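This is data-v6.tsv. It holds TSV, C-alpha atoms and all ligand atoms.
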```tsv
chain	number	residue	atom	x	y	z
A	1	MET	CA	99.38	92.53	96.58
A	2	ALA	CA	96.95	89.69	97.23
A	3	GLU	CA	99.79	87.23	97.79
A	4	GLU	CA	101.61	89.61	100.12
A	5	LEU	CA	98.49	90.32	102.21
A	6	THR	CA	97.39	86.70	102.47
A	7	ARG	CA	100.92	85.81	103.60
A	8	ARG	CA	100.95	88.56	106.22
A	9	PHE	CA	97.51	87.87	107.69
A	10	ARG	CA	97.30	84.08	107.29
A	11	LEU	CA	93.91	84.29	105.58
A	12	PRO	CA	93.71	82.81	102.09
A	13	LYS	CA	91.54	85.25	100.12
A	14	VAL	CA	91.33	89.02	99.72
A	15	ARG	CA	89.19	91.60	97.90
A	16	PHE	CA	90.07	95.25	97.45
A	17	SER	CA	88.12	98.48	97.84
A	18	ASN	CA	88.94	102.15	98.38
A	19	SER	CA	88.74	102.96	102.09
A	20	GLY	CA	88.58	101.56	105.58
A	21	THR	CA	84.85	102.25	105.60
A	22	GLU	CA	84.33	100.03	102.57
A	23	ALA	CA	86.53	97.36	104.13
A	24	THR	CA	84.39	97.13	107.28
A	25	LEU	CA	81.18	97.44	105.22
A	26	ASP	CA	82.19	94.42	103.11
A	27	ALA	CA	83.27	92.55	106.24
A	28	VAL	CA	79.96	93.07	108.07
A	29	ARG	CA	77.97	92.12	104.96
A	30	LEU	CA	80.03	88.94	104.60
A	31	GLY	CA	79.46	88.12	108.27
A	32	ARG	CA	75.72	88.60	107.95
A	33	ALA	CA	75.52	86.60	104.75
A	34	PHE	CA	77.67	83.74	106.01
A	35	SER	CA	75.94	83.45	109.41
A	36	GLY	CA	72.50	84.04	107.96
A	37	LYS	CA	71.81	86.40	110.87
A	38	ASP	CA	71.26	90.16	110.90
A	39	GLY	CA	72.50	90.83	114.44
A	40	LEU	CA	75.92	92.42	114.95
A	41	VAL	CA	77.88	92.82	118.16
A	42	LYS	CA	80.35	95.70	118.45
A	43	ILE	CA	82.49	97.26	121.15
A	44	GLU	CA	81.30	100.39	122.93
A	45	GLY	CA	83.48	103.38	121.99
A	46	THR	CA	84.94	102.02	118.77
A	47	TYR	CA	84.89	103.66	115.33
A	48	HIS	CA	84.80	101.48	112.23
A	49	GLY	CA	84.05	104.02	109.50
A	50	HIS	CA	81.02	105.92	108.23
A	51	HIS	CA	78.49	103.33	107.06
A	52	ASP	CA	75.23	102.82	108.96
A	53	ALA	CA	75.94	99.38	110.44
A	54	VAL	CA	78.88	100.54	112.55
A	55	MET	CA	77.87	104.11	113.46
A	56	VAL	CA	76.49	102.86	116.74
A	57	SER	CA	77.81	103.77	120.23
A	58	VAL	CA	81.02	105.20	118.79
A	59	LYS	CA	81.52	107.81	121.48
A	60	PRO	CA	78.12	107.83	123.14
A	61	ASN	CA	77.20	110.57	125.56
A	62	PRO	CA	77.68	108.92	128.99
A	63	GLY	CA	74.21	110.12	129.99
A	64	LYS	CA	72.68	108.04	127.19
A	65	MET	CA	74.68	104.83	127.27
A	66	GLY	CA	72.68	102.93	129.90
A	67	PRO	CA	74.00	100.40	132.44
A	68	ARG	CA	77.31	98.64	131.85
A	69	ALA	CA	75.67	95.21	131.94
A	70	ARG	CA	73.30	96.19	129.13
A	71	PRO	CA	74.60	99.18	127.15
A	72	ILE	CA	72.11	101.07	124.99
A	73	SER	CA	72.88	101.26	121.26
A	74	VAL	CA	73.27	104.97	120.51
A	75	ALA	CA	73.34	106.44	116.96
A	76	GLN	CA	76.51	108.38	116.08
A	77	SER	CA	74.66	110.54	113.60
A	78	ALA	CA	71.21	111.66	112.56
A	79	GLY	CA	70.01	109.49	109.69
A	80	ILE	CA	70.92	106.12	111.22
A	81	PRO	CA	67.73	104.02	111.08
A	82	GLN	CA	66.29	102.70	114.33
A	83	ALA	CA	66.33	99.25	112.72
A	84	ILE	CA	70.15	99.40	112.65
A	85	LEU	CA	70.28	100.26	116.36
A	86	ASP	CA	67.86	97.41	117.11
A	87	MET	CA	70.07	94.84	115.38
A	88	THR	CA	73.31	96.02	117.06
A	89	VAL	CA	74.40	94.77	120.46
A	90	VAL	CA	77.07	96.78	122.27
A	91	VAL	CA	79.56	95.34	124.76
A	92	PRO	CA	82.51	96.81	126.69
A	93	PHE	CA	86.11	96.17	125.55
A	94	ASN	CA	88.33	93.88	127.62
A	95	ASP	CA	85.40	91.99	129.18
A	96	PRO	CA	85.02	88.42	127.89
A	97	ASP	CA	82.22	87.58	130.34
A	98	ALA	CA	80.08	90.48	129.08
A	99	LEU	CA	80.57	89.23	125.51
A	100	ASP	CA	79.67	85.67	126.44
A	101	SER	CA	76.46	86.78	128.19
A	102	ALA	CA	75.49	89.15	125.36
A	103	LEU	CA	75.85	86.38	122.78
A	104	ALA	CA	73.91	83.94	124.95
A	105	GLU	CA	71.08	86.49	125.33
A	106	ASN	CA	71.04	87.49	121.65
A	107	PRO	CA	70.94	84.38	119.45
A	108	ASP	CA	70.11	86.60	116.45
A	109	VAL	CA	73.72	87.90	116.47
A	110	GLY	CA	75.92	86.18	113.87
A	111	THR	CA	78.82	88.63	113.50
A	112	MET	CA	81.21	90.48	115.77
A	113	ILE	CA	83.37	93.42	114.72
A	114	ILE	CA	86.18	94.57	116.99
A	115	GLU	CA	89.15	96.89	116.74
A	116	PRO	CA	91.53	94.60	118.61
A	117	ILE	CA	93.50	97.55	119.98
A	118	MET	CA	91.16	100.49	120.66
A	119	LEU	CA	92.65	103.46	118.82
A	120	ASN	CA	89.78	105.89	118.90
A	121	ILE	CA	90.31	106.91	122.54
A	122	GLY	CA	94.09	107.17	122.63
A	123	VAL	CA	95.54	103.67	122.87
A	124	VAL	CA	93.78	100.92	124.83
A	125	VAL	CA	95.50	97.56	124.50
A	126	PRO	CA	93.73	94.24	125.05
A	127	LYS	CA	94.38	92.65	128.45
A	128	PRO	CA	96.44	89.46	128.28
A	129	GLY	CA	94.16	86.66	127.09
A	130	TYR	CA	91.28	88.94	126.03
A	131	LEU	CA	91.62	88.46	122.27
A	132	GLU	CA	92.07	84.70	122.71
A	133	ALA	CA	88.87	84.67	124.80
A	134	VAL	CA	86.99	86.68	122.14
A	135	ARG	CA	88.10	84.10	119.55
A	136	GLU	CA	86.95	81.21	121.70
A	137	ILE	CA	83.61	82.77	122.69
A	138	THR	CA	82.68	83.78	119.12
A	139	ARG	CA	83.56	80.28	117.92
A	140	LYS	CA	81.44	78.73	120.69
A	141	HIS	CA	78.43	80.83	119.64
A	142	GLY	CA	79.01	80.32	115.89
A	143	VAL	CA	79.68	84.03	115.38
A	144	VAL	CA	81.87	85.33	112.52
A	145	LEU	CA	84.74	87.32	114.03
A	146	ILE	CA	86.01	90.42	112.21
A	147	PHE	CA	89.20	92.22	113.25
A	148	ASP	CA	89.10	95.82	112.08
A	149	GLU	CA	92.80	96.33	111.41
A	150	VAL	CA	92.33	99.50	109.38
A	151	LYS	CA	94.71	101.29	111.76
A	152	THR	CA	96.88	98.41	112.96
A	153	GLY	CA	97.22	96.28	109.82
A	154	ASN	CA	100.64	96.50	108.14
A	155	VAL	CA	101.51	99.09	110.81
A	156	ILE	CA	102.20	97.54	114.23
A	157	ALA	CA	103.70	94.46	112.55
A	158	ALA	CA	103.68	93.05	109.03
A	159	GLY	CA	100.58	91.04	109.91
A	160	GLY	CA	99.14	93.59	112.35
A	161	VAL	CA	97.37	92.27	115.45
A	162	VAL	CA	97.04	88.84	113.84
A	163	GLU	CA	100.81	88.51	113.89
A	164	ARG	CA	101.61	90.45	117.04
A	165	TYR	CA	99.01	88.79	119.27
A	166	GLY	CA	98.80	85.49	117.39
A	167	VAL	CA	94.99	85.41	117.24
A	168	LEU	CA	93.33	84.61	113.91
A	169	PRO	CA	89.82	85.97	113.23
A	170	ASP	CA	87.61	84.85	110.32
A	171	VAL	CA	87.81	88.21	108.54
A	172	VAL	CA	90.28	91.13	108.60
A	173	SER	CA	89.56	94.67	107.33
A	174	LEU	CA	92.43	96.87	106.15
A	175	GLY	CA	92.80	100.45	104.89
A	176	LYS	CA	94.86	103.57	105.60
A	177	ALA	CA	98.63	102.82	105.59
A	178	THR	CA	98.15	99.68	103.50
A	179	GLY	CA	97.85	101.90	100.40
A	180	GLY	CA	101.20	103.62	100.90
A	181	GLY	CA	99.40	106.99	100.74
A	182	THR	CA	96.84	106.10	98.06
A	183	PRO	CA	93.17	105.28	98.81
A	184	ILE	CA	92.70	101.60	99.59
A	185	GLY	CA	90.57	99.15	101.51
A	186	ALA	CA	90.86	95.38	101.69
A	187	VAL	CA	88.91	92.55	103.24
A	188	LEU	CA	90.57	89.19	103.89
A	189	GLY	CA	88.77	86.04	104.93
A	190	THR	CA	88.62	82.27	105.11
A	191	GLU	CA	87.95	80.19	101.96
A	192	GLU	CA	84.36	79.46	103.05
A	193	ILE	CA	83.47	83.07	103.82
A	194	MET	CA	85.11	84.57	100.73
A	195	ALA	CA	83.38	81.95	98.57
A	196	MET	CA	80.22	83.97	99.26
A	197	ILE	CA	81.68	86.57	96.87
A	198	THR	CA	83.05	84.23	94.19
A	199	ASP	CA	79.72	82.32	94.17
A	200	HIS	CA	77.93	85.64	93.64
A	201	ARG	CA	75.91	85.36	96.80
A	202	VAL	CA	77.51	88.51	98.25
A	203	ALA	CA	77.95	91.51	95.93
A	204	GLN	CA	81.31	93.18	96.54
A	205	LEU	CA	81.48	96.17	94.23
A	206	GLY	CA	83.28	99.41	93.43
A	207	THR	CA	84.45	101.28	90.31
A	208	PHE	CA	87.96	101.87	91.62
A	209	ASN	CA	88.41	98.56	93.46
A	210	GLY	CA	91.87	97.16	92.77
A	211	ASN	CA	92.83	100.14	90.62
A	212	PRO	CA	96.39	99.94	89.25
A	213	LEU	CA	97.64	103.09	90.99
A	214	SER	CA	96.68	101.96	94.51
A	215	MET	CA	97.82	98.41	93.83
A	216	ALA	CA	101.24	99.54	92.62
A	217	ALA	CA	101.72	101.98	95.49
A	218	ALA	CA	100.59	99.42	98.06
A	219	GLU	CA	102.75	96.66	96.62
A	220	ALA	CA	105.80	98.93	96.62
A	221	CYS	CA	105.04	100.05	100.18
A	222	LEU	CA	104.60	96.53	101.53
A	223	THR	CA	107.32	94.70	99.60
A	224	LYS	CA	110.00	97.37	99.16
A	225	VAL	CA	109.62	99.74	102.12
A	226	LEU	CA	107.93	97.97	105.03
A	227	ASP	CA	110.33	95.04	105.34
A	228	LYS	CA	111.57	93.28	108.49
A	229	ALA	CA	114.12	96.01	109.20
A	230	ALA	CA	111.44	98.70	108.93
A	231	TYR	CA	109.22	96.97	111.50
A	232	ALA	CA	112.19	96.49	113.82
A	233	ARG	CA	112.94	100.20	113.51
A	234	LEU	CA	109.30	101.12	114.27
A	235	ASP	CA	109.39	98.95	117.41
A	236	GLN	CA	112.58	100.58	118.55
A	237	ALA	CA	111.38	104.12	117.74
A	238	GLY	CA	108.09	103.47	119.54
A	239	GLU	CA	109.91	102.29	122.65
A	240	ARG	CA	112.17	105.34	122.59
A	241	ILE	CA	109.39	107.94	122.46
A	242	LEU	CA	107.22	106.10	124.99
A	243	LYS	CA	110.11	105.80	127.42
A	244	SER	CA	111.09	109.46	127.25
A	245	CYS	CA	107.47	110.66	127.57
A	246	GLN	CA	106.80	108.28	130.49
A	247	GLU	CA	109.87	109.67	132.20
A	248	VAL	CA	108.40	113.19	131.85
A	249	CYS	CA	105.02	112.02	133.25
A	250	ASP	CA	106.79	110.51	136.28
A	251	ARG	CA	109.18	113.40	136.92
A	252	PHE	CA	106.46	116.07	136.83
A	253	GLY	CA	103.80	113.95	138.53
A	254	LEU	CA	101.34	114.41	135.67
A	255	PRO	CA	98.00	112.59	135.94
A	256	ALA	CA	99.03	110.64	132.84
A	257	TYR	CA	100.79	107.56	131.49
A	258	THR	CA	102.07	106.49	128.10
A	259	ALA	CA	100.50	103.71	126.05
A	260	GLY	CA	101.51	102.28	122.72
A	261	VAL	CA	102.30	99.37	120.46
A	262	ALA	CA	105.17	99.66	117.95
A	263	GLY	CA	104.95	102.99	116.12
A	264	LYS	CA	101.52	103.89	117.52
A	265	GLY	CA	101.35	105.53	120.89
A	266	CYS	CA	100.14	108.43	122.96
A	267	ILE	CA	100.06	110.04	126.36
A	268	MET	CA	96.91	108.98	128.18
A	269	PHE	CA	95.83	111.83	130.41
A	270	SER	CA	94.21	109.73	133.09
A	271	GLU	CA	95.21	108.83	136.63
A	272	GLN	CA	93.44	105.46	136.33
A	273	PRO	CA	94.27	102.94	133.61
A	274	VAL	CA	91.77	103.23	130.74
A	275	VAL	CA	90.58	99.74	129.82
A	276	ASP	CA	87.37	100.49	127.91
A	277	TYR	CA	85.15	103.39	126.80
A	278	ARG	CA	83.48	103.83	130.19
A	279	SER	CA	86.76	104.17	132.08
A	280	TYR	CA	87.86	106.61	129.37
A	281	ALA	CA	84.66	108.66	129.74
A	282	GLU	CA	85.06	108.70	133.53
A	283	HIS	CA	88.77	109.39	133.94
A	284	PHE	CA	90.23	110.83	130.75
A	285	ARG	CA	91.30	114.48	131.10
A	286	ASP	CA	90.15	116.04	127.82
A	287	ASP	CA	91.31	119.48	128.98
A	288	LEU	CA	94.94	118.45	129.52
A	289	ASN	CA	94.93	116.28	126.41
A	290	TYR	CA	93.72	119.15	124.23
A	291	LEU	CA	96.17	121.55	125.84
A	292	ALA	CA	99.09	119.18	125.14
A	293	TRP	CA	97.90	118.82	121.55
A	294	LEU	CA	97.77	122.60	121.11
A	295	TYR	CA	101.14	122.95	122.78
A	296	HIS	CA	102.75	120.53	120.35
A	297	MET	CA	101.06	122.19	117.36
A	298	ASN	CA	102.20	125.62	118.52
A	299	SER	CA	105.72	124.26	118.89
A	300	GLY	CA	105.80	123.00	115.31
A	301	VAL	CA	104.97	119.33	116.02
A	302	TYR	CA	102.06	118.71	113.69
A	303	MET	CA	99.81	116.09	115.17
A	304	THR	CA	96.73	114.31	113.76
A	305	PRO	CA	93.74	116.64	113.31
A	306	GLY	CA	91.89	114.90	116.14
A	307	ALA	CA	93.35	115.48	119.61
A	308	ASP	CA	92.03	112.10	120.79
A	309	GLU	CA	94.12	110.19	118.25
A	310	GLN	CA	97.61	108.82	118.77
A	311	TRP	CA	100.91	109.38	117.01
A	312	THR	CA	101.83	107.09	114.13
A	313	LEU	CA	105.57	106.98	113.61
A	314	SER	CA	107.08	106.66	110.18
A	315	ILE	CA	110.35	105.00	109.33
A	316	ALA	CA	111.34	108.48	108.14
A	317	HIS	CA	111.29	109.80	111.74
A	318	SER	CA	114.79	110.14	113.16
A	319	ASP	CA	115.72	109.72	116.82
A	320	GLU	CA	116.30	113.49	116.95
A	321	GLU	CA	112.70	114.11	115.90
A	322	LEU	CA	111.38	111.67	118.51
A	323	ASP	CA	113.49	113.38	121.16
A	324	HIS	CA	112.19	116.75	119.99
A	325	TYR	CA	108.63	115.55	120.60
A	326	ALA	CA	109.59	114.51	124.13
A	327	ALA	CA	111.42	117.79	124.74
A	328	VAL	CA	108.30	119.79	123.78
A	329	PHE	CA	106.25	117.53	126.05
A	330	GLU	CA	108.69	118.27	128.86
A	331	GLU	CA	108.24	122.02	128.32
A	332	PHE	CA	104.48	121.50	128.42
A	333	ALA	CA	104.77	119.51	131.66
A	334	ARG	CA	106.95	122.20	133.24
A	335	GLU	CA	104.51	124.97	132.38
A	336	VAL	CA	101.34	123.12	133.24
A	337	THR	CA	102.62	122.05	136.65
A	338	ALA	CA	104.09	125.47	137.55
A	339	ALA	CA	102.32	126.91	140.60
A	401	LIG	C1	89.51	101.45	113.10
A	401	LIG	C2	88.99	102.16	111.89
A	401	LIG	N1	88.20	101.50	111.02
A	401	LIG	C3	87.72	102.08	109.91
A	401	LIG	C4	88.00	103.39	109.62
A	401	LIG	C5	87.46	104.01	108.39
A	401	LIG	O1	88.46	104.23	107.46
A	401	LIG	P1	88.28	105.36	106.31
A	401	LIG	O2	88.41	106.67	106.98
A	401	LIG	O3	89.40	105.04	105.35
A	401	LIG	O4	86.96	105.15	105.70
A	401	LIG	C6	88.82	104.13	110.49
A	401	LIG	C7	89.14	105.55	110.20
A	401	LIG	O5	89.60	106.31	111.01
A	401	LIG	C8	89.32	103.51	111.65
A	401	LIG	O6	90.09	104.18	112.53
```
Could you rewrite the structure in this file as structure tokens?
Amino acid sequence: MAEELTRRFRLPKVRFSNSGTEATLDAVRLGRAFSGKDGLVKIEGTYHGHHDAVMVSVKPNPGKMGPRARPISVAQSAGIPQAILDMTVVVPFNDPDALDSALAENPDVGTMIIEPIMLNIGVVVPKPGYLEAVREITRKHGVVLIFDEVKTGNVIAAGGVVERYGVLPDVVSLGKATGGGTPIGAVLGTEEIMAMITDHRVAQLGTFNGNPLSMAAAEACLTKVLDKAAYARLDQAGERILKSCQEVCDRFGLPAYTAGVAGKGCIMFSEQPVVDYRSYAEHFRDDLNYLAWLYHMNSGVYMTPGADEQWTLSIAHSDEELDHYAAVFEEFAREVTAA
């Protein structure tokens, strides 16, 4: 498993845990330890799991988030200490200049965590050059860069965003699909950063870390199921469902467009392109989105429990099933646009 993951993500060392939350927790701790700084920068509107450090400005109430140039750090839950909010700087996605200024103004920040494709508000892809700019700016400021690939890793390509966009961070967090259905988390990093663990400067712990069941399931999933042909199929299936749903949006004049990468995608119910959390909060039509979600559920297409998620295709999905999804969406469009 370690060999397969280090090959896929081009980072030499890996440690295992049991969930995506643990993977981002380990990553942030490594960043803080390696940089020697407590400050963390994160993207407004992004979810990284349920530990204190990252439960900041996940989906902040627009009335509380402050000006775009200087977003306020908002707790996602009661019980998050004020000290955590004080050491967390929030910046908008897809805006390299805002990141550069925030890091210049906050020299106490030593770590950045980013979900390189935002998947907590539908699908928001990075603008061309954005991830490259994030890499360059974090390097310039001496900031450890973490890609949270809990959702994208081993899913949108063998090596996730690292492979698909060709940008290499210092640390990658993995979870979810990596375990082939069993609980797993993993953190990958450079030799220097991961040496913090082997030198016993950073404690990376967990009773079930690297347990044989998850390791065997994950290894089988990554080496026997998710091969080159599987990723090619996911690309092709993703294109098929996006194309047929986009065609429905256009034909019925819905205030919506499709967005996706490989087997992850969704219909974005917004007339304006959503590029970050603020444009989502301003333009996204929650009412139509929820209605479409209910419509699919009531038509036997069982979606994720959260309506603001996206679909994740499996290699088990046939073209007929993808076309069925689009056909139900067409019915929805017909009914919702009927005068
Ligand atoms: C991007 C991202 N990071 C981390 C997590 C946390 O993973 P887990 O639910 O396995 O703790 C999630 C879960 O939805 C996620 O979407």
Can you tell me, as a list in words, what residues are no more than 9 Å from region 316-329 of chain A when counting all atoms listed in the file, ignoring any on the same chain fewer than 5 positions away? Ala237, Gly238, Arg240, Ile241, Leu242, Ser244, Cys245, Val248, Ala292, Tyr295, His296, Ser299, Val301 and Arg334 of chain A
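Contacts with ligand LIG 401 (chain A) are defined as any residue atom within 8 Å of a ligand atom, using all atoms listed in the file; the residues meeting this criterion are Asn18, Ser19, Gly20, Thr21, Glu22, Ala23, Thr24, Thr46, Tyr47, His48, Gly49, His50, Glu115, Met118, Leu119, Asn120, Asp148, Glu149, Val150, Lys151, Thr152, Ser173, Leu174, Gly175, Lys176, Pro183, Ile184 and Gly185 of chain A.
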Please compute the CA of Pro12 (chain A)-CA of Thr111 (chain A) distance, one decimal, in Å.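 About the pair CA of Pro12 (chain A) and CA of Thr111 (chain A): they are 19.6 Å apart.
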Distance query 9 Å from (88.5, 92.9, 92.9) using only C-alpha atoms, result as number ranges by chain: A: 14-17, 204-206, 209-211
Go through A:Tyr231, A:Phe269, A:Tyr130, A:Phe9 and flag the residue nearest Pro169 (chain A), using all atoms listed in the file for the distances.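 Once distances to Pro169 (chain A) are computed over all atoms listed in the file, the minimum belongs to A:Phe9.
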Coordinates-based distance that separates CA of Pro96 (chain A) from CA of Trp311 (chain A) (Å, one decimal): 28.5 Å
Can you work out which one of A:Gly66, A:Met55, A:Met87, A:Ala338 has the shortest atom-to-atom distance to Asp38 (chain A), counting all atoms listed in the file?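 Closest to Asp38 (chain A), using all atoms listed in the file: A:Met87.
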Of the listed residues A:Tyr302, A:Phe252, A:Tyr280, A:Tyr290, that which approaches Glu331 (chain A) most closely, counting all atoms listed in the file: A:Phe252
When you count all atoms listed in the file, which of these residues is closest to Val123 (chain A): A:Arg251, A:Arg7, A:Lys264, A:Arg68?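 Closest to Val123 (chain A) of all the choices is A:Lys264.
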What gap, in Å, lies between CA of Gly189 (chain A) and CA of Lys59 (chain A)?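 We find that CA of Gly189 (chain A) and CA of Lys59 (chain A) lie 28.3 Å from each other.
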If you count all atoms listed in the file, which residues fall within 6 Å of Ile146 (chain A), apart from same-chain ones fewer than 5 positions away, as a VMD selection string? chain A and resid 112 to 113 169 171 to 172
List as a PyMOL selection string the protein and nucleic acid residues near Pro126 (chain A), meaning an atom at most 10 Å away when only C-alpha atoms are counted, but skip any in the same chain fewer than 5 places from it. chain A and resi 93-95+115-118+131-132+165+275-276
Using all atoms listed in the file: which of A:Arg201, A:Arg164, A:Lys42, A:Arg32 has the shortest distance to Leu85 (chain A):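 Smallest separation from Leu85 (chain A) among the options: A:Lys42.
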Complete region 80-107 of chain A with N, CA and C atoms (output as an mmCIF file, keeping the file's coordinate frame).
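rebuild_0.cif, freshly written:
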```
data_model
loop_
_atom_site.group_PDB
_atom_site.id
_atom_site.type_symbol
_atom_site.label_atom_id
_atom_site.label_comp_id
_atom_site.auth_asym_id
_atom_site.auth_seq_id
_atom_site.Cartn_x
_atom_site.Cartn_y
_atom_site.Cartn_z
ATOM 1 N N ILE A 80 70.706 107.566 111.023
ATOM 2 C CA ILE A 80 70.920 106.120 111.220
ATOM 3 C C ILE A 80 69.566 105.516 111.585
ATOM 4 N N PRO A 81 69.065 104.566 110.797
ATOM 5 C CA PRO A 81 67.730 104.020 111.080
ATOM 6 C C PRO A 81 67.670 103.301 112.426
ATOM 7 N N GLN A 82 66.516 103.410 113.066
ATOM 8 C CA GLN A 82 66.290 102.700 114.330
ATOM 9 C C GLN A 82 66.514 101.198 114.138
ATOM 10 N N ALA A 83 66.166 100.692 112.972
ATOM 11 C CA ALA A 83 66.330 99.250 112.720
ATOM 12 C C ALA A 83 67.789 98.826 112.878
ATOM 13 N N ILE A 84 68.711 99.705 112.503
ATOM 14 C CA ILE A 84 70.150 99.400 112.650
ATOM 15 C C ILE A 84 70.507 99.308 114.138
ATOM 16 N N LEU A 85 69.998 100.275 114.914
ATOM 17 C CA LEU A 85 70.280 100.260 116.360
ATOM 18 C C LEU A 85 69.715 98.983 116.988
ATOM 19 N N ASP A 86 68.526 98.586 116.527
ATOM 20 C CA ASP A 86 67.860 97.410 117.110
ATOM 21 C C ASP A 86 68.636 96.122 116.816
ATOM 22 N N MET A 87 69.370 96.088 115.712
ATOM 23 C CA MET A 87 70.070 94.840 115.380
ATOM 24 C C MET A 87 71.548 94.874 115.806
ATOM 25 N N THR A 88 71.914 95.892 116.620
ATOM 26 C CA THR A 88 73.310 96.020 117.060
ATOM 27 C C THR A 88 73.409 95.927 118.569
ATOM 28 N N VAL A 89 74.179 94.966 119.021
ATOM 29 C CA VAL A 89 74.400 94.770 120.460
ATOM 30 C C VAL A 89 75.771 95.336 120.794
ATOM 31 N N VAL A 90 75.835 96.097 121.902
ATOM 32 C CA VAL A 90 77.070 96.780 122.270
ATOM 33 C C VAL A 90 77.626 96.174 123.559
ATOM 34 N N VAL A 91 78.919 95.895 123.553
ATOM 35 C CA VAL A 91 79.560 95.340 124.760
ATOM 36 C C VAL A 91 80.836 96.124 125.067
ATOM 37 N N PRO A 92 81.267 96.114 126.358
ATOM 38 C CA PRO A 92 82.510 96.810 126.690
ATOM 39 C C PRO A 92 83.749 96.031 126.219
ATOM 40 N N PHE A 93 84.825 96.772 125.914
ATOM 41 C CA PHE A 93 86.110 96.170 125.550
ATOM 42 C C PHE A 93 86.697 95.489 126.786
ATOM 43 N N ASN A 94 87.550 94.522 126.547
ATOM 44 C CA ASN A 94 88.330 93.880 127.620
ATOM 45 C C ASN A 94 87.486 93.115 128.626
ATOM 46 N N ASP A 95 86.279 92.685 128.234
ATOM 47 C CA ASP A 95 85.400 91.990 129.180
ATOM 48 C C ASP A 95 84.798 90.752 128.501
ATOM 49 N N PRO A 96 85.504 89.624 128.562
ATOM 50 C CA PRO A 96 85.020 88.420 127.890
ATOM 51 C C PRO A 96 83.688 87.923 128.446
ATOM 52 N N ASP A 97 83.475 88.081 129.755
ATOM 53 C CA ASP A 97 82.220 87.580 130.340
ATOM 54 C C ASP A 97 81.016 88.335 129.787
ATOM 55 N N ALA A 98 81.188 89.672 129.627
ATOM 56 C CA ALA A 98 80.080 90.480 129.080
ATOM 57 C C ALA A 98 79.763 90.030 127.650
ATOM 58 N N LEU A 99 80.794 89.691 126.886
ATOM 59 C CA LEU A 99 80.570 89.230 125.510
ATOM 60 C C LEU A 99 79.836 87.890 125.512
ATOM 61 N N ASP A 100 80.277 86.996 126.375
ATOM 62 C CA ASP A 100 79.670 85.670 126.440
ATOM 63 C C ASP A 100 78.181 85.786 126.787
ATOM 64 N N SER A 101 77.870 86.624 127.801
ATOM 65 C CA SER A 101 76.460 86.780 128.190
ATOM 66 C C SER A 101 75.659 87.427 127.067
ATOM 67 N N ALA A 102 76.237 88.454 126.427
ATOM 68 C CA ALA A 102 75.490 89.150 125.360
ATOM 69 C C ALA A 102 75.164 88.188 124.219
ATOM 70 N N LEU A 103 76.106 87.317 123.884
ATOM 71 C CA LEU A 103 75.850 86.380 122.780
ATOM 72 C C LEU A 103 74.837 85.307 123.188
ATOM 73 N N ALA A 104 74.888 84.924 124.472
ATOM 74 C CA ALA A 104 73.910 83.940 124.950
ATOM 75 C C ALA A 104 72.496 84.530 124.931
ATOM 76 N N GLU A 105 72.404 85.820 125.261
ATOM 77 C CA GLU A 105 71.080 86.490 125.330
ATOM 78 C C GLU A 105 70.561 86.908 123.963
ATOM 79 N N ASN A 106 71.444 86.975 122.977
ATOM 80 C CA ASN A 106 71.040 87.490 121.650
ATOM 81 C C ASN A 106 71.395 86.484 120.555
ATOM 82 N N PRO A 107 70.615 85.413 120.439
ATOM 83 C CA PRO A 107 70.940 84.380 119.450
ATOM 84 C C PRO A 107 70.808 84.858 118.004
#
```
